[in-house]
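K.L.:
To be precise about what I am sending: the file is called coords38.csv and holds CSV, C-alpha atoms.
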```
chain,number,residue,atom,x,y,z
A,1,MET,CA,70.2,49.2,58.9
A,2,LYS,CA,67.7,51.2,60.9
A,3,LYS,CA,68.6,54.3,62.7
A,4,THR,CA,67.1,52.9,65.9
A,5,PHE,CA,69.7,50.1,65.8
A,6,PHE,CA,72.6,52.5,65.6
A,7,LEU,CA,71.0,54.7,68.3
A,8,LYS,CA,70.8,51.7,70.6
A,9,ILE,CA,74.4,50.8,69.9
A,10,PHE,CA,75.6,54.4,70.5
A,11,ALA,CA,73.6,54.5,73.8
A,12,SER,CA,75.0,51.2,75.0
A,13,VAL,CA,78.6,52.2,74.2
A,14,ALA,CA,78.1,55.6,75.9
A,15,ILE,CA,76.7,54.1,79.1
A,16,ILE,CA,79.5,51.5,79.3
A,17,SER,CA,82.1,54.2,78.6
A,18,PHE,CA,80.7,56.4,81.3
A,19,LEU,CA,80.7,53.6,83.8
A,20,LEU,CA,84.3,52.6,82.9
A,21,TYR,CA,85.4,56.3,83.2
A,22,LYS,CA,83.7,56.7,86.6
A,23,ILE,CA,84.6,53.4,88.2
A,24,GLY,CA,88.0,52.9,86.5
A,25,VAL,CA,89.3,50.0,84.5
A,26,ASP,CA,91.9,49.1,87.2
A,27,ASP,CA,89.2,48.7,89.9
A,28,ILE,CA,87.1,46.5,87.6
A,29,ILE,CA,90.0,44.2,86.7
A,30,GLU,CA,91.0,44.0,90.4
A,31,THR,CA,87.5,43.1,91.5
A,32,LEU,CA,87.1,40.5,88.8
A,33,ALA,CA,90.5,39.0,89.7
A,34,LYS,CA,89.4,38.7,93.4
A,35,SER,CA,86.0,37.2,92.7
A,36,ASN,CA,85.2,33.5,92.9
A,37,TRP,CA,84.2,32.5,89.4
A,38,ILE,CA,82.3,29.4,90.5
A,39,TYR,CA,79.6,31.6,92.1
A,40,ILE,CA,79.3,33.6,88.9
A,41,ILE,CA,78.9,30.5,86.8
A,42,ILE,CA,76.4,28.9,89.2
A,43,GLY,CA,74.4,32.2,89.3
A,44,THR,CA,74.4,32.5,85.5
A,45,PHE,CA,73.2,28.9,85.2
A,46,PHE,CA,70.3,29.3,87.6
A,47,PHE,CA,69.3,32.6,85.9
A,48,PHE,CA,69.0,30.9,82.5
A,49,VAL,CA,67.2,27.9,84.0
A,50,THR,CA,64.7,30.2,85.7
A,51,LEU,CA,64.3,32.2,82.4
A,52,ILE,CA,63.6,29.0,80.4
A,53,ILE,CA,61.1,27.6,83.0
A,54,ASP,CA,59.3,30.9,83.1
A,55,SER,CA,59.1,30.9,79.3
A,56,LEU,CA,57.9,27.4,79.2
A,57,ASN,CA,55.1,28.2,81.6
A,58,LEU,CA,54.0,31.0,79.3
A,59,PHE,CA,54.4,28.7,76.3
A,60,ILE,CA,52.1,26.1,77.9
A,61,LEU,CA,49.5,28.7,78.8
A,62,LEU,CA,49.5,30.3,75.4
A,63,LYS,CA,49.4,26.9,73.6
A,64,LYS,CA,46.3,25.9,75.7
A,65,ASN,CA,44.6,29.1,74.5
A,66,GLY,CA,45.4,28.3,70.8
A,67,ALA,CA,48.3,30.8,70.3
A,68,LYS,CA,51.1,29.4,68.1
A,69,ILE,CA,54.3,31.3,69.2
A,70,PRO,CA,57.6,29.5,69.1
A,71,ALA,CA,59.3,28.8,72.4
A,72,MET,CA,62.5,30.6,71.4
A,73,LYS,CA,60.5,33.8,70.6
A,74,LEU,CA,58.8,33.6,74.1
A,75,ILE,CA,62.3,33.3,75.7
A,76,ARG,CA,63.3,36.5,73.9
A,77,TYR,CA,60.1,38.3,74.9
A,78,ASN,CA,60.5,37.1,78.5
A,79,LEU,CA,64.1,38.4,78.5
A,80,TYR,CA,62.8,41.8,77.3
A,81,ALA,CA,60.2,41.8,80.1
A,82,TRP,CA,62.7,40.8,82.7
A,83,SER,CA,65.2,43.5,81.7
A,84,LEU,CA,62.5,46.2,81.8
A,85,GLY,CA,61.2,44.8,85.1
A,86,LEU,CA,64.6,45.7,86.6
A,87,MET,CA,63.9,49.3,85.9
A,88,LEU,CA,60.2,49.4,86.8
A,89,PRO,CA,58.8,49.3,90.3
A,90,GLY,CA,57.4,46.1,91.7
A,91,LYS,CA,56.6,43.2,89.4
A,92,SER,CA,55.2,45.6,86.7
A,93,GLY,CA,57.9,44.3,84.3
A,94,ASP,CA,55.9,41.2,83.8
A,95,LEU,CA,53.1,43.3,82.3
A,96,VAL,CA,55.4,44.5,79.6
A,97,ILE,CA,55.0,41.2,77.8
A,98,LEU,CA,51.3,41.9,77.2
A,99,PRO,CA,51.7,44.4,74.4
A,100,ILE,CA,54.3,42.3,72.8
A,101,LEU,CA,52.0,39.3,72.8
A,102,LYS,CA,49.2,41.4,71.5
A,103,LYS,CA,51.3,42.2,68.4
A,104,GLU,CA,51.6,38.4,67.9
A,105,GLY,CA,47.8,38.2,67.8
A,106,VAL,CA,47.2,36.8,71.3
A,107,THR,CA,44.1,38.2,72.8
```
So, in terms of C-alpha coordinates, how does the structure I just supplied come out?
P.N.:
Amino acid sequence: MKKTFFLKIFASVAIISFLLYKIGVDDIIETLAKSNWIYIIIGTFFFFVTLIIDSLNLFILLKKNGAKIPAMKLIRYNLYAWSLGLMLPGKSGDLVILPILKKEGVT
(Lines of atoms letter the chains of each structure in order from A and count residues from 1; the text may use other names and numbers.)
(Lines give C-alpha, C1' and ligand atoms only; values in the text may rest on other atoms or scores of the structure.)
Protein backbone atom coordinates (compact mmCIF):
# COMPACT_ATOMS: atom_id res chain seq x y z
CA MET A 1 0.00 0.00 0.00
CA LYS A 2 1.00 3.58 -0.38
CA LYS A 3 2.79 5.52 2.32
CA THR A 4 0.13 8.24 2.21
CA PHE A 5 -2.54 5.71 3.20
CA PHE A 6 -0.59 4.71 6.32
CA LEU A 7 0.12 8.35 7.07
CA LYS A 8 -3.62 9.11 6.94
CA ILE A 9 -4.40 6.16 9.20
CA PHE A 10 -1.70 7.22 11.67
CA ALA A 11 -2.93 10.83 11.69
CA SER A 12 -6.53 9.71 12.24
CA VAL A 13 -5.62 7.41 15.10
CA ALA A 14 -3.42 10.12 16.66
CA ILE A 15 -6.20 12.72 16.54
CA ILE A 16 -8.80 10.35 17.97
CA SER A 17 -6.40 9.24 20.71
CA PHE A 18 -5.62 12.83 21.62
CA LEU A 19 -9.32 13.71 21.83
CA LEU A 20 -10.07 10.65 23.93
CA TYR A 21 -7.19 11.54 26.25
CA LYS A 22 -8.27 15.17 26.63
CA ILE A 23 -12.01 14.57 26.97
CA GLY A 24 -11.95 11.24 28.73
CA VAL A 25 -13.64 8.00 27.79
CA ASP A 26 -15.97 8.15 30.80
CA ASP A 27 -17.33 11.56 29.79
CA ILE A 28 -17.93 10.39 26.23
CA ILE A 29 -19.78 7.24 27.37
CA GLU A 30 -21.85 9.28 29.83
CA THR A 31 -22.82 11.81 27.17
CA LEU A 32 -23.76 9.09 24.68
CA ALA A 33 -25.85 7.32 27.32
CA LYS A 34 -27.77 10.53 28.08
CA SER A 35 -28.38 11.51 24.46
CA ASN A 36 -31.60 10.81 22.62
CA TRP A 37 -30.70 8.45 19.76
CA ILE A 38 -33.74 9.32 17.65
CA TYR A 39 -32.33 12.81 17.02
CA ILE A 40 -28.99 11.36 15.96
CA ILE A 41 -30.69 8.93 13.57
CA ILE A 42 -32.91 11.65 12.06
CA GLY A 43 -29.97 14.04 11.70
CA THR A 44 -27.85 11.38 10.00
CA PHE A 45 -30.70 10.51 7.65
CA PHE A 46 -31.19 14.13 6.59
CA PHE A 47 -27.44 14.60 6.18
CA PHE A 48 -27.25 11.73 3.69
CA VAL A 49 -30.41 12.80 1.87
CA THR A 50 -28.95 16.30 1.44
CA LEU A 51 -25.64 14.84 0.26
CA ILE A 52 -27.37 12.66 -2.33
CA ILE A 53 -29.58 15.50 -3.60
CA ASP A 54 -26.56 17.80 -3.91
CA SER A 55 -24.67 15.11 -5.80
CA LEU A 56 -27.62 14.50 -8.11
CA ASN A 57 -27.79 18.21 -8.91
CA LEU A 58 -24.12 18.09 -9.86
CA PHE A 59 -24.68 14.89 -11.85
CA ILE A 60 -27.49 16.47 -13.86
CA LEU A 61 -25.44 19.60 -14.53
CA LEU A 62 -22.41 17.62 -15.67
CA LYS A 63 -24.47 15.22 -17.77
CA LYS A 64 -26.03 18.17 -19.58
CA ASN A 65 -22.52 19.38 -20.43
CA GLY A 66 -21.48 15.95 -21.76
CA ALA A 67 -19.38 14.69 -18.84
CA LYS A 68 -19.77 11.01 -18.01
CA ILE A 69 -18.95 10.64 -14.33
CA PRO A 70 -20.83 7.97 -12.33
CA ALA A 71 -23.19 9.22 -9.65
CA MET A 72 -21.45 7.23 -6.90
CA LYS A 73 -18.15 8.92 -7.76
CA LEU A 74 -19.84 12.32 -7.55
CA ILE A 75 -21.22 11.45 -4.12
CA ARG A 76 -17.69 10.60 -2.96
CA TYR A 77 -16.29 13.83 -4.44
CA ASN A 78 -19.10 15.81 -2.86
CA LEU A 79 -18.32 14.24 0.51
CA TYR A 80 -14.66 15.30 0.13
CA ALA A 81 -15.72 18.84 -0.71
CA TRP A 82 -18.13 18.95 2.22
CA SER A 83 -15.53 17.74 4.71
CA LEU A 84 -12.98 20.28 3.50
CA GLY A 85 -15.65 22.96 3.56
CA LEU A 86 -15.99 22.41 7.30
CA MET A 87 -12.41 23.57 7.76
CA LEU A 88 -12.37 26.37 5.18
CA PRO A 89 -14.05 29.75 5.66
CA GLY A 90 -17.38 30.51 4.08
CA LYS A 91 -18.67 28.25 1.34
CA SER A 92 -15.23 27.90 -0.24
CA GLY A 93 -15.37 24.15 0.37
CA ASP A 94 -17.67 23.90 -2.63
CA LEU A 95 -14.82 25.14 -4.81
CA VAL A 96 -12.68 22.16 -3.80
CA ILE A 97 -14.64 19.97 -6.18
CA LEU A 98 -13.42 21.95 -9.22
CA PRO A 99 -9.85 20.53 -9.32
CA ILE A 100 -11.24 17.05 -8.70
CA LEU A 101 -13.58 17.39 -11.67
CA LYS A 102 -10.78 18.79 -13.79
CA LYS A 103 -8.84 15.53 -13.21
CA GLU A 104 -11.90 13.69 -14.55
CA GLY A 105 -11.72 15.71 -17.76
CA VAL A 106 -14.53 18.18 -17.07
CA THR A 107 -13.74 21.64 -18.40
K.L.:
Counting all atoms listed in the file, which of A:Lys22, A:Lys63, A:Lys73, A:Lys3 gets nearest to Val106 (chain A)?
P.N.:
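Residue with the minimum atom-to-atom distance to Val106 (chain A): A:Lys63.
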K.L.:
By how many Å are CA of Met72 (chain A) and CA of Asn57 (chain A) apart?
P.N.:
12.8 Å
K.L.:
Which residue out of A:Leu86, A:Leu101, A:Ile41, A:Ile16 has the minimum interatomic distance to Leu58 (chain A) when all atoms listed in the file are used?
P.N.:
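The shortest atom-to-atom distance to Leu58 (chain A) comes from A:Leu101.
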K.L.:
Suppose you want the space between CA of Pro89 (chain A) and CA of Thr44 (chain A); what is it in Å?
P.N.:
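Calculated distance between CA of Pro89 (chain A) and CA of Thr44 (chain A) is 23.4 Å.
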K.L.:
Looking at only C-alpha atoms, which of A:Lys8, A:Leu56, A:Leu74, A:Ser83 is the one that sits closest to Ile100 (chain A)?
P.N.:
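Counting only C-alpha atoms, the residue closest to Ile100 (chain A) is A:Leu74.
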K.L.:
Rank A:Leu95, A:Ala71, A:Leu20, A:Leu7 by their smallest atom-to-atom distance to Ser55 (chain A), using all atoms listed in the file, and report the top residue only.
P.N.:
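Distance minimum relative to Ser55 (chain A) lands on A:Ala71.
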K.L.:
Using only C-alpha atoms, pick whichever of A:Leu62, A:Ala81, A:Leu88, A:Ile75 has the shortest atom-to-atom distance to Thr107 (chain A).
P.N.:
A:Leu62
K.L.:
For CA of Asp94 (chain A) and CA of Trp82 (chain A), quote the distance in Å rounded to one decimal.
P.N.:
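Calculated distance between CA of Asp94 (chain A) and CA of Trp82 (chain A) is 6.9 Å.
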K.L.:
Nearest to Gly105 (chain A) among A:Leu51, A:Ile69, A:Ala33, A:Ile38, with distances taken over all atoms listed in the file: which residue is it?
P.N.:
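Looking only at the distances to Gly105 (chain A), the closest residue turns out to be A:Ile69.
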